[in-house]
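Q: Below is data06.txt; it holds compact mmCIF, C-alpha atoms.
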# COMPACT_ATOMS: atom_id res chain seq x y z
CA MET A 1 105.03 153.95 171.07
CA ASP A 2 105.20 157.70 170.58
CA ARG A 3 102.24 159.39 172.27
CA ASP A 4 102.49 162.40 169.97
CA ALA A 5 102.86 160.51 166.70
CA ILE A 6 99.84 159.95 164.48
CA ALA A 7 99.53 156.73 162.49
CA ILE A 8 97.34 156.73 159.39
CA LEU A 9 96.49 153.28 158.05
CA GLY A 10 95.54 153.64 154.41
CA GLY A 11 97.57 156.84 154.43
CA THR A 12 98.32 156.13 150.79
CA GLY A 13 94.75 156.95 149.74
CA ASP A 14 93.46 160.37 148.80
CA GLN A 15 91.96 161.33 152.14
CA GLY A 16 94.54 159.56 154.31
CA LEU A 17 97.41 161.17 152.46
CA GLY A 18 95.65 164.51 152.84
CA LEU A 19 95.58 164.08 156.62
CA ALA A 20 99.22 162.94 156.60
CA LEU A 21 100.25 166.09 154.74
CA ARG A 22 98.32 168.35 157.09
CA PHE A 23 99.62 166.74 160.29
CA ALA A 24 103.19 166.69 158.95
CA LYS A 25 102.90 170.35 157.99
CA ALA A 26 101.78 171.09 161.56
CA GLY A 27 105.03 169.53 162.79
CA ARG A 28 103.63 166.25 164.12
CA LYS A 29 105.33 162.93 163.53
CA VAL A 30 103.29 160.96 160.99
CA VAL A 31 103.44 157.22 160.42
CA ILE A 32 101.85 156.10 157.16
CA GLY A 33 100.59 152.53 157.17
CA SER A 34 99.62 150.39 154.21
CA ARG A 35 98.99 146.73 153.47
CA LYS A 36 101.98 147.04 151.13
CA LEU A 37 105.16 148.52 152.58
CA GLU A 38 106.18 149.77 149.13
CA LYS A 39 103.09 151.96 148.86
CA ALA A 40 103.61 153.34 152.37
CA LEU A 41 107.19 154.30 151.51
CA THR A 42 106.06 156.05 148.31
CA ALA A 43 103.40 157.97 150.23
CA ALA A 44 105.96 159.04 152.84
CA ASP A 45 108.18 160.29 150.00
CA GLU A 46 105.27 162.30 148.65
CA VAL A 47 104.70 163.91 152.04
CA ARG A 48 108.39 164.85 152.22
CA ALA A 49 108.22 166.28 148.70
CA GLN A 50 105.42 168.65 149.70
CA VAL A 51 106.49 169.26 153.31
CA PRO A 52 110.31 169.26 153.20
CA ASP A 53 110.85 169.16 156.99
CA ALA A 54 108.22 166.47 157.55
CA ASP A 55 108.84 163.84 160.24
CA VAL A 56 107.23 160.96 158.36
CA VAL A 57 107.81 157.25 157.89
CA GLY A 58 106.08 154.54 155.87
CA LEU A 59 105.44 151.08 157.36
CA GLY A 60 103.16 148.08 157.07
CA ASN A 61 99.86 148.52 158.95
CA ALA A 62 100.84 146.43 162.00
CA ASP A 63 104.24 148.12 162.35
CA ALA A 64 102.70 151.55 161.89
CA THR A 65 100.13 150.84 164.61
CA GLN A 66 102.92 150.21 167.11
CA GLN A 67 104.46 153.63 166.50
CA ALA A 68 101.65 155.93 167.63
CA ARG A 69 99.00 156.28 170.31
CA ILE A 70 96.39 157.57 167.85
CA VAL A 71 95.79 155.28 164.88
CA ILE A 72 93.53 156.61 162.13
CA ILE A 73 91.88 153.99 159.93
CA SER A 74 91.58 155.51 156.49
CA VAL A 75 91.01 152.41 154.39
CA PRO A 76 87.95 151.79 152.20
CA PHE A 77 84.98 150.62 154.26
CA GLU A 78 85.13 147.10 152.83
CA HIS A 79 88.71 146.69 154.10
CA THR A 80 88.01 148.09 157.55
CA ALA A 81 87.05 144.87 159.35
CA SER A 82 90.00 142.91 158.02
CA THR A 83 92.37 145.78 158.83
CA VAL A 84 91.20 145.95 162.46
CA LYS A 85 91.30 142.17 162.81
CA GLY A 86 94.90 142.28 161.56
CA LEU A 87 95.87 144.61 164.42
CA LYS A 88 94.65 142.39 167.28
CA GLU A 89 98.13 141.29 168.29
CA VAL A 90 99.67 144.76 168.25
CA LEU A 91 97.03 147.12 169.65
CA GLU A 92 97.49 148.11 173.28
CA PRO A 93 94.81 149.21 175.74
CA GLU A 94 95.78 152.87 175.90
CA GLN A 95 95.62 153.34 172.15
CA ILE A 96 92.91 155.25 170.28
CA LEU A 97 91.56 153.91 167.00
CA VAL A 98 89.95 156.56 164.83
CA SER A 99 87.27 155.31 162.44
CA MET A 100 86.82 157.58 159.44
CA GLY A 101 85.13 154.97 157.25
CA VAL A 102 81.70 155.40 155.72
CA PRO A 103 79.66 152.37 154.61
CA LEU A 104 79.26 153.61 151.06
CA ALA A 105 77.50 151.26 148.67
CA THR A 106 80.67 151.18 146.55
CA ALA A 107 81.61 148.38 148.96
CA ILE A 108 79.10 146.18 147.13
CA GLY A 109 79.68 147.62 143.66
CA ASP A 110 76.86 150.17 143.90
CA GLY A 111 77.26 153.96 144.04
CA ALA A 112 79.02 156.28 146.51
CA VAL A 113 75.84 158.37 146.90
CA ARG A 114 74.18 155.57 148.86
CA THR A 115 75.08 153.57 151.96
CA VAL A 116 74.76 149.96 153.04
CA GLY A 117 73.45 148.96 156.45
CA VAL A 118 76.02 147.86 159.01
CA TRP A 119 74.95 145.28 161.57
CA GLN A 120 76.60 147.19 164.45
CA GLY A 121 74.93 150.44 163.36
CA SER A 122 77.89 152.24 161.82
CA CYS A 123 81.44 151.67 160.62
CA ALA A 124 82.76 153.17 163.87
CA GLU A 125 80.72 150.78 166.01
CA MET A 126 81.89 147.85 163.89
CA VAL A 127 85.46 148.94 164.56
CA ALA A 128 84.67 149.17 168.28
CA ALA A 129 83.19 145.66 168.23
CA LEU A 130 86.33 144.28 166.60
CA ALA A 131 88.93 146.22 168.60
CA PRO A 132 90.70 144.51 171.52
CA LYS A 133 89.39 145.29 175.01
CA GLY A 134 90.67 148.59 176.37
CA VAL A 135 91.35 150.16 172.97
CA GLN A 136 89.14 153.21 172.59
CA VAL A 137 87.41 154.00 169.33
CA VAL A 138 86.54 157.48 168.10
CA SER A 139 84.55 158.41 165.00
CA ALA A 140 85.99 161.37 163.08
CA PHE A 141 87.01 163.04 159.79
CA GLN A 142 84.45 161.29 157.57
CA ASN A 143 83.24 164.35 155.70
CA VAL A 144 86.38 166.34 155.02
CA ALA A 145 87.06 166.39 151.29
CA ALA A 146 90.41 164.96 150.17
CA HIS A 147 90.96 167.84 147.76
CA ARG A 148 90.58 170.39 150.56
CA LEU A 149 93.05 168.50 152.74
CA ARG A 150 95.58 168.30 149.93
CA THR A 151 95.44 171.96 148.96
CA LEU A 152 97.98 172.77 151.65
CA ASP A 153 98.07 176.53 151.19
CA GLU A 154 94.34 176.95 151.85
CA PRO A 155 92.30 176.36 155.01
CA VAL A 156 89.96 173.34 154.69
CA GLU A 157 86.92 175.35 155.85
CA CYS A 158 84.82 172.55 157.23
CA ASP A 159 83.52 171.08 160.47
CA VAL A 160 84.03 167.47 161.47
CA VAL A 161 81.92 165.69 164.08
CA ILE A 162 83.93 163.71 166.64
CA SER A 163 82.10 160.98 168.59
CA GLY A 164 83.26 158.65 171.33
CA ALA A 165 84.04 158.50 175.04
CA LYS A 166 85.15 161.81 176.54
CA GLU A 167 88.90 161.37 176.98
CA PRO A 168 89.73 159.85 173.57
CA ARG A 169 87.19 162.13 171.87
CA GLU A 170 88.92 165.19 173.26
CA ALA A 171 92.32 163.84 172.18
CA VAL A 172 91.06 163.54 168.61
CA MET A 173 89.30 166.92 168.75
CA ALA A 174 92.67 168.43 169.69
CA LEU A 175 94.16 167.03 166.46
CA CYS A 176 91.73 169.19 164.48
CA ASP A 177 93.40 172.31 165.85
CA LEU A 178 96.47 171.29 163.84
CA ILE A 179 94.65 171.80 160.53
CA PRO A 180 93.75 175.38 159.55
CA GLY A 181 90.02 175.84 158.94
CA LEU A 182 89.07 172.48 160.41
CA ARG A 183 86.75 172.74 163.41
CA ALA A 184 85.95 169.81 165.68
CA VAL A 185 82.34 169.54 166.82
CA ASN A 186 81.49 167.37 169.83
CA GLY A 187 79.40 164.50 168.47
CA GLY A 188 78.76 162.84 171.83
CA LEU A 189 78.51 159.05 172.02
CA LEU A 190 80.22 156.79 169.49
CA SER A 191 76.84 155.47 168.34
CA ASN A 192 76.09 158.92 166.93
CA ALA A 193 78.39 157.87 164.08
CA ARG A 194 75.15 156.36 162.69
CA LEU A 195 73.96 159.92 162.13
CA VAL A 196 77.30 161.31 160.96
CA GLU A 197 78.57 158.72 158.47
CA PRO A 198 75.63 159.07 156.02
CA ILE A 199 76.39 162.80 155.62
CA THR A 200 79.39 161.81 153.47
CA ALA A 201 77.13 160.03 150.96
CA LEU A 202 74.92 163.13 150.88
CA LEU A 203 77.95 165.37 150.22
CA ILE A 204 79.20 163.07 147.44
CA GLY A 205 75.82 163.36 145.71
CA MET A 206 75.90 167.13 146.11
CA ASN A 207 79.43 167.27 144.67
CA ILE A 208 78.04 165.60 141.56
CA ARG A 209 74.96 167.85 141.34
CA TYR A 210 76.86 171.08 142.00
CA LYS A 211 80.12 170.11 140.24
CA SER A 212 82.07 171.53 143.17
CA PRO A 213 85.78 171.42 142.28
CA GLU A 214 87.07 171.39 145.86
CA GLY A 215 84.31 169.18 147.24
CA LEU A 216 81.52 170.28 149.55
CA GLY A 217 81.94 170.62 153.29
CA ILE A 218 79.63 171.37 156.19
CA ARG A 219 79.57 174.02 158.85
CA PHE A 220 77.28 173.98 161.86
CA THR A 221 75.82 177.38 162.73
CA GLY A 222 74.70 178.51 166.16
CA ILE A 223 77.49 176.87 168.18
CA PRO A 224 78.37 179.31 170.98
CA GLU A 225 81.96 180.60 170.80
CA MET B 226 42.81 175.44 144.92
CA ASP B 227 45.13 178.43 145.05
CA ARG B 228 48.42 177.62 143.34
CA ASP B 229 50.26 180.29 145.31
CA ALA B 230 48.87 179.43 148.74
CA ILE B 231 50.87 177.26 151.12
CA ALA B 232 49.09 174.83 153.43
CA ILE B 233 50.88 173.72 156.59
CA LEU B 234 49.34 170.71 158.31
CA GLY B 235 50.43 170.74 161.92
CA GLY B 236 50.95 174.46 161.51
CA THR B 237 50.05 174.78 165.16
CA GLY B 238 53.33 173.19 166.26
CA ASP B 239 56.56 175.03 166.90
CA GLN B 240 58.21 174.45 163.55
CA GLY B 241 55.02 174.57 161.45
CA LEU B 242 53.94 177.82 163.03
CA GLY B 243 57.44 179.17 162.39
CA LEU B 244 57.09 178.42 158.67
CA ALA B 245 53.57 179.92 158.67
CA LEU B 246 54.89 183.15 160.17
CA ARG B 247 57.74 183.36 157.67
CA PHE B 248 55.61 182.66 154.61
CA ALA B 249 52.90 185.08 155.81
CA LYS B 250 55.53 187.75 156.40
CA ALA B 251 56.74 187.23 152.82
CA GLY B 252 53.20 188.02 151.63
CA ARG B 253 52.10 184.51 150.70
CA LYS B 254 48.67 183.17 151.55
CA VAL B 255 49.05 180.61 154.36
CA VAL B 256 46.52 177.94 155.30
CA ILE B 257 47.13 176.40 158.70
CA GLY B 258 45.76 172.89 159.11
CA SER B 259 45.22 170.95 162.30
CA ARG B 260 43.35 167.87 163.41
CA LYS B 261 41.37 170.27 165.62
CA LEU B 262 39.85 173.31 163.88
CA GLU B 263 40.00 175.25 167.16
CA LYS B 264 43.78 174.93 167.33
CA ALA B 265 44.16 175.96 163.67
CA LEU B 266 42.09 179.09 164.29
CA THR B 267 44.18 179.99 167.34
CA ALA B 268 47.42 179.53 165.35
CA ALA B 269 46.06 181.73 162.54
CA ASP B 270 45.28 184.40 165.16
CA GLU B 271 48.85 184.15 166.42
CA VAL B 272 50.21 184.65 162.90
CA ARG B 273 48.01 187.75 162.48
CA ALA B 274 49.18 189.07 165.84
CA GLN B 275 52.81 188.94 164.71
CA VAL B 276 52.27 189.72 161.03
CA PRO B 277 49.36 192.22 161.00
CA ASP B 278 48.76 192.12 157.23
CA ALA B 279 48.99 188.32 157.02
CA ASP B 280 46.72 186.47 154.60
CA VAL B 281 46.15 183.43 156.81
CA VAL B 282 43.31 181.06 157.64
CA GLY B 283 42.95 178.11 160.00
CA LEU B 284 41.13 174.94 158.88
CA GLY B 285 40.93 171.22 159.55
CA ASN B 286 43.66 169.24 157.75
CA ALA B 287 41.45 167.97 154.91
CA ASP B 288 39.94 171.39 154.25
CA ALA B 289 43.36 173.05 154.43
CA THR B 290 44.74 170.57 151.88
CA GLN B 291 42.13 171.66 149.35
CA GLN B 292 43.20 175.29 149.55
CA ALA B 293 46.80 175.09 148.31
CA ARG B 294 48.92 173.36 145.71
CA ILE B 295 51.82 172.89 148.13
CA VAL B 296 50.91 171.08 151.34
CA ILE B 297 53.58 170.89 154.03
CA ILE B 298 53.22 168.06 156.54
CA SER B 299 54.58 169.37 159.82
CA VAL B 300 53.06 166.87 162.24
CA PRO B 301 55.07 164.65 164.60
CA PHE B 302 56.49 161.62 162.77
CA GLU B 303 54.15 159.22 164.54
CA HIS B 304 51.11 161.09 163.19
CA THR B 305 52.43 161.35 159.65
CA ALA B 306 51.02 158.12 158.22
CA SER B 307 47.54 158.70 159.63
CA THR B 308 47.57 162.31 158.44
CA VAL B 309 48.44 161.32 154.87
CA LYS B 310 45.88 158.49 154.90
CA GLY B 311 43.27 161.03 155.99
CA LEU B 312 43.92 163.12 152.88
CA LYS B 313 43.32 160.37 150.33
CA GLU B 314 39.92 161.69 149.29
CA VAL B 315 41.02 165.30 148.92
CA LEU B 316 44.49 165.25 147.38
CA GLU B 317 44.64 165.91 143.65
CA PRO B 318 47.33 164.77 141.20
CA GLU B 319 48.95 168.15 140.64
CA GLN B 320 49.52 168.76 144.33
CA ILE B 321 52.87 168.63 146.09
CA LEU B 322 53.16 167.08 149.55
CA VAL B 323 56.19 168.26 151.50
CA SER B 324 57.50 165.83 154.09
CA MET B 325 59.42 167.53 156.88
CA GLY B 326 59.09 164.71 159.38
CA VAL B 327 62.04 162.97 160.98
CA PRO B 328 61.67 159.47 162.46
CA LEU B 329 62.92 160.50 165.90
CA ALA B 330 62.82 157.84 168.57
CA THR B 331 60.43 160.05 170.56
CA ALA B 332 57.82 158.30 168.41
CA ILE B 333 58.38 155.19 170.54
CA GLY B 334 58.99 156.98 173.83
CA ASP B 335 62.77 157.08 173.44
CA GLY B 336 64.92 160.20 172.90
CA ALA B 337 65.00 162.81 170.15
CA VAL B 338 68.74 162.31 169.69
CA ARG B 339 68.13 158.91 168.08
CA THR B 340 66.02 157.67 165.17
CA VAL B 341 63.90 154.63 164.47
CA GLY B 342 64.11 152.68 161.22
CA VAL B 343 61.35 153.26 158.69
CA TRP B 344 60.39 150.36 156.44
CA GLN B 345 60.29 152.57 153.34
CA GLY B 346 63.71 154.04 154.16
CA SER B 347 62.66 157.50 155.38
CA CYS B 348 59.65 159.48 156.49
CA ALA B 349 59.50 161.14 153.06
CA GLU B 350 59.41 157.80 151.26
CA MET B 351 56.70 156.56 153.61
CA VAL B 352 54.66 159.63 152.70
CA ALA B 353 55.28 158.91 149.01
CA ALA B 354 54.14 155.31 149.47
CA LEU B 355 50.91 156.47 151.11
CA ALA B 356 50.12 159.43 148.83
CA PRO B 357 47.55 158.98 146.03
CA LYS B 358 48.95 158.37 142.55
CA GLY B 359 50.06 161.54 140.81
CA VAL B 360 50.67 163.51 143.99
CA GLN B 361 54.35 164.42 144.15
CA VAL B 362 56.29 164.22 147.37
CA VAL B 363 59.25 166.40 148.29
CA SER B 364 61.49 166.13 151.36
CA ALA B 365 62.38 169.49 152.92
CA PHE B 366 62.80 171.76 155.96
CA GLN B 367 63.70 169.00 158.45
CA ASN B 368 66.67 170.71 160.03
CA VAL B 369 65.59 174.32 160.39
CA ALA B 370 65.27 175.17 164.08
CA ALA B 371 61.83 176.37 165.21
CA HIS B 372 63.37 179.14 167.28
CA ARG B 373 65.19 180.54 164.27
CA LEU B 374 62.01 180.50 162.20
CA ARG B 375 60.05 182.25 164.90
CA THR B 376 62.57 185.02 165.53
CA LEU B 377 61.07 187.02 162.67
CA ASP B 378 63.45 189.96 162.75
CA GLU B 379 66.54 187.80 162.20
CA PRO B 380 67.61 185.70 159.19
CA VAL B 381 67.42 181.95 159.88
CA GLU B 382 71.01 181.37 158.63
CA CYS B 383 70.72 177.76 157.64
CA ASP B 384 70.64 175.49 154.61
CA VAL B 385 67.89 172.98 153.96
CA VAL B 386 68.26 170.03 151.63
CA ILE B 387 65.35 169.57 149.20
CA SER B 388 64.89 166.13 147.61
CA GLY B 389 62.40 164.83 145.08
CA ALA B 390 61.57 164.86 141.38
CA LYS B 391 62.82 167.92 139.51
CA GLU B 392 59.67 169.99 138.99
CA PRO B 393 58.17 169.72 142.48
CA ARG B 394 61.63 169.95 144.05
CA GLU B 395 62.26 173.25 142.28
CA ALA B 396 58.84 174.53 143.36
CA VAL B 397 59.73 173.86 146.99
CA MET B 398 63.26 175.25 146.58
CA ALA B 399 61.64 178.49 145.36
CA LEU B 400 59.72 178.72 148.65
CA CYS B 401 63.03 178.98 150.50
CA ASP B 402 63.74 182.27 148.77
CA LEU B 403 60.82 183.70 150.75
CA ILE B 404 62.65 183.24 154.05
CA PRO B 405 65.69 185.46 154.71
CA GLY B 406 68.84 183.46 155.41
CA LEU B 407 67.33 180.14 154.32
CA ARG B 408 69.16 178.53 151.40
CA ALA B 409 67.79 175.58 149.47
CA VAL B 410 70.32 172.93 148.49
CA ASN B 411 69.45 170.43 145.75
CA GLY B 412 69.22 167.05 147.47
CA GLY B 413 68.51 165.02 144.32
CA LEU B 414 66.24 161.98 144.53
CA LEU B 415 63.56 161.64 147.21
CA SER B 416 65.32 158.57 148.61
CA ASN B 417 68.18 160.83 149.70
CA ALA B 418 65.85 161.82 152.56
CA ARG B 419 67.39 158.73 154.20
CA LEU B 420 70.62 160.70 154.44
CA VAL B 421 69.03 164.04 155.35
CA GLU B 422 66.48 163.15 158.03
CA PRO B 423 69.04 161.76 160.54
CA ILE B 424 70.89 165.12 160.54
CA THR B 425 68.05 166.52 162.66
CA ALA B 426 68.70 163.98 165.43
CA LEU B 427 72.40 164.91 165.26
CA LEU B 428 71.56 168.62 165.59
CA ILE B 429 69.23 167.97 168.53
CA GLY B 430 72.06 166.17 170.34
CA MET B 431 74.43 169.03 169.57
CA ASN B 432 71.89 171.57 170.85
CA ILE B 433 71.98 169.72 174.16
CA ARG B 434 75.79 169.44 174.27
CA TYR B 435 76.40 173.05 173.21
CA LYS B 436 73.37 174.61 174.95
CA SER B 437 72.70 176.66 171.81
CA PRO B 438 69.84 179.06 172.59
CA GLU B 439 68.70 179.52 168.99
CA GLY B 440 69.30 175.91 167.93
CA LEU B 441 72.06 174.71 165.63
CA GLY B 442 71.82 174.84 161.85
CA ILE B 443 73.95 173.62 158.98
CA ARG B 444 75.62 175.32 156.06
CA PHE B 445 77.22 173.50 153.16
CA THR B 446 80.49 175.03 152.02
CA GLY B 447 81.96 174.82 148.52
CA ILE B 448 78.70 175.17 146.58
CA PRO B 449 79.52 177.30 143.51
CA GLU B 450 77.64 180.63 143.46
Output the structure of this file as structure tokens.

A:
Amino acid sequence: MDRDAIAILGGTGDQGLGLALRFAKAGRKVVIGSRKLEKALTAADEVRAQVPDADVVGLGNADATQQARIVIISVPFEHTASTVKGLKEVLEPEQILVSMGVPLATAIGDGAVRTVGVWQGSCAEMVAALAPKGVQVVSAFQNVAAHRLRTLDEPVECDVVISGAKEPREAVMALCDLIPGLRAVNGGLLSNARLVEPITALLIGMNIRYKSPEGLGIRFTGIPE
Amino acid sequence: MDRDAIAILGGTGDQGLGLALRFAKAGRKVVIGSRKLEKALTAADEVRAQVPDADVVGLGNADATQQARIVIISVPFEHTASTVKGLKEVLEPEQILVSMGVPLATAIGDGAVRTVGVWQGSCAEMVAALAPKGVQVVSAFQNVAAHRLRTLDEPVECDVVISGAKEPREAVMALCDLIPGLRAVNGGLLSNARLVEPITALLIGMNIRYKSPEGLGIRFTGIPE
């Protein structure tokens, strides 16, 4: 396992691929995971096409998980539980699982401007409940628009709220420094993901109302320098 | 009833008094309501002390409600239902009730960094369920820090999300133009208050973590001009 590599499960999707591009551009080794190896390989090719010197590979989700300390779960909410369950045999105690899922009502065939209730309180807490003992879970990146991530020559200009225990939270906050215009805000305890995840549904509704081409973001004001 | 006056029930509290000061400074007639007339009169005196030419009166909640088309409910969440029930006899169909309450867990003796679940989905929807037929309810102003409102010589520098039916929502959005640095963002349907109200608990937690003297605010980025 490479402590500096970043695995992105579901790195073939819009937002996951956006993160892969940004981390690769910053010079970090990126491991793209997918349920289908073929799709992971195609996504890795796409990263190399846009970032010629990228250190990127495509693997199945379980193989990808074994290549990096930080594993970002960027699959649709309704595939999150099964994805985490599928990693039980490969996850090791020192690893950090990053939950960026949002329980959008698209999971049940309803709209992306609404959420469904999660028994554990949030997607991140569901991931924590399913993760093997010792694996630390951090909530992050939910509200950064895919289009902003993928427009590589422009800063993303948005804050993301990072929640979880101190050490893994700070490790994930440090990743944000790799992406121009992305600021990490300390979200405290993992359970605060209950307050953070719904913001994505709000932003999706606003994107529709305001027809924002790049997608809306948030900035918190009043944070001391 | 004065269509241009603004009534603020609970206008004796930190945030309500902040709004009263701002609206009075903008030249609008302000009616401060309180359960206790004495407290409303004292708050009106305080507004006059800071805004010498203020057009402001203090009244009991029911009397205050009869003086203005727009009635802002700025009482603690746990007093919201009883306040609205107490207005049943005086509210008229063309009036607009503005819910700025947040179901913070302080209502049950727990902390302000967490929320409690509301049967109707949000404080705003609870207000709508309790309001007499024809009265329109709008969700607004939840996340604007009291300290920012009360520092009259500085812009508040924050966005507020306004949700509800189109006509009353636009009437409340227009009020935001009266306060320098406050931008109204179209929050769509009233039920979106479910997504907006929890942001206040998140900001309160961040205020603690970041020791922000003026209180944190939010700005949405990517909204077309």

Q: What residues in chain A lie within 9 Å of chain B, counting only C-alpha atoms, written as a CSV table (one decimal) with C-alpha atoms, in the frame of the given file?

A:
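Now in iface-v5.csv:
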chain,number,residue,atom,x,y,z
A,113,VAL,CA,75.8,158.4,146.9
A,114,ARG,CA,74.2,155.6,148.9
A,115,THR,CA,75.1,153.6,152.0
A,157,GLU,CA,86.9,175.4,155.8
A,158,CYS,CA,84.8,172.6,157.2
A,185,VAL,CA,82.3,169.5,166.8
A,186,ASN,CA,81.5,167.4,169.8
A,187,GLY,CA,79.4,164.5,168.5
A,188,GLY,CA,78.8,162.8,171.8
A,192,ASN,CA,76.1,158.9,166.9
A,194,ARG,CA,75.2,156.4,162.7
A,195,LEU,CA,74.0,159.9,162.1
A,196,VAL,CA,77.3,161.3,161.0
A,198,PRO,CA,75.6,159.1,156.0
A,199,ILE,CA,76.4,162.8,155.6
A,200,THR,CA,79.4,161.8,153.5
A,201,ALA,CA,77.1,160.0,151.0
A,202,LEU,CA,74.9,163.1,150.9
A,203,LEU,CA,78.0,165.4,150.2
A,205,GLY,CA,75.8,163.4,145.7
A,206,MET,CA,75.9,167.1,146.1
A,207,ASN,CA,79.4,167.3,144.7
A,209,ARG,CA,75.0,167.8,141.3
A,210,TYR,CA,76.9,171.1,142.0
A,211,LYS,CA,80.1,170.1,140.2
A,212,SER,CA,82.1,171.5,143.2
A,213,PRO,CA,85.8,171.4,142.3
A,214,GLU,CA,87.1,171.4,145.9
A,215,GLY,CA,84.3,169.2,147.2
A,216,LEU,CA,81.5,170.3,149.6
A,217,GLY,CA,81.9,170.6,153.3
A,218,ILE,CA,79.6,171.4,156.2
A,219,ARG,CA,79.6,174.0,158.8
A,220,PHE,CA,77.3,174.0,161.9
A,221,THR,CA,75.8,177.4,162.7
A,222,GLY,CA,74.7,178.5,166.2
A,223,ILE,CA,77.5,176.9,168.2
A,224,PRO,CA,78.4,179.3,171.0

Q: In Å, rounded to a single decimal, give me how far atom CA of B:Ala390 is from atom CA of A:Ile204.

A: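 Those two atoms sit 18.7 Å apart.
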
Q: Excluding stretch 285-292 of chain B and residues on its chain fewer than 4 positions from it, collect all residues at most 12 Å away from it, counting all atoms listed in the file, and give them as a ChimeraX atom specification.

A: /B:226-237,254-266,281,296-300,305,307-323

Q: Could you work out how far atom CA of B:Ala370 lies from atom CA of A:Cys176, giving the answer in Å with one decimal?

A: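 Interatomic distance, atom CA of A:Cys176 to atom CA of B:Ala370: 27.1 Å.
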
Q: If you measure from atom CA of A:Ala107 to atom CA of A:Gly16, what distance in Å do you get, rounded to one decimal?

A: 17.9 Å

Q: For B:Phe302, which residue among B:Gly326, B:Gly389, B:Gly238, B:Gly252 is the nearest when counting all atoms listed in the file?

A: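 Of the candidates, the smallest distance to B:Phe302 is held by B:Gly326.
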
Q: Env of A:Gly117: 10 Å cut, atoms = only C-alpha atoms, seq-sep filter 5 positions within chain, self excluded. Answer as number ranges by chain.

A: A: 103-105, 122-123, 194
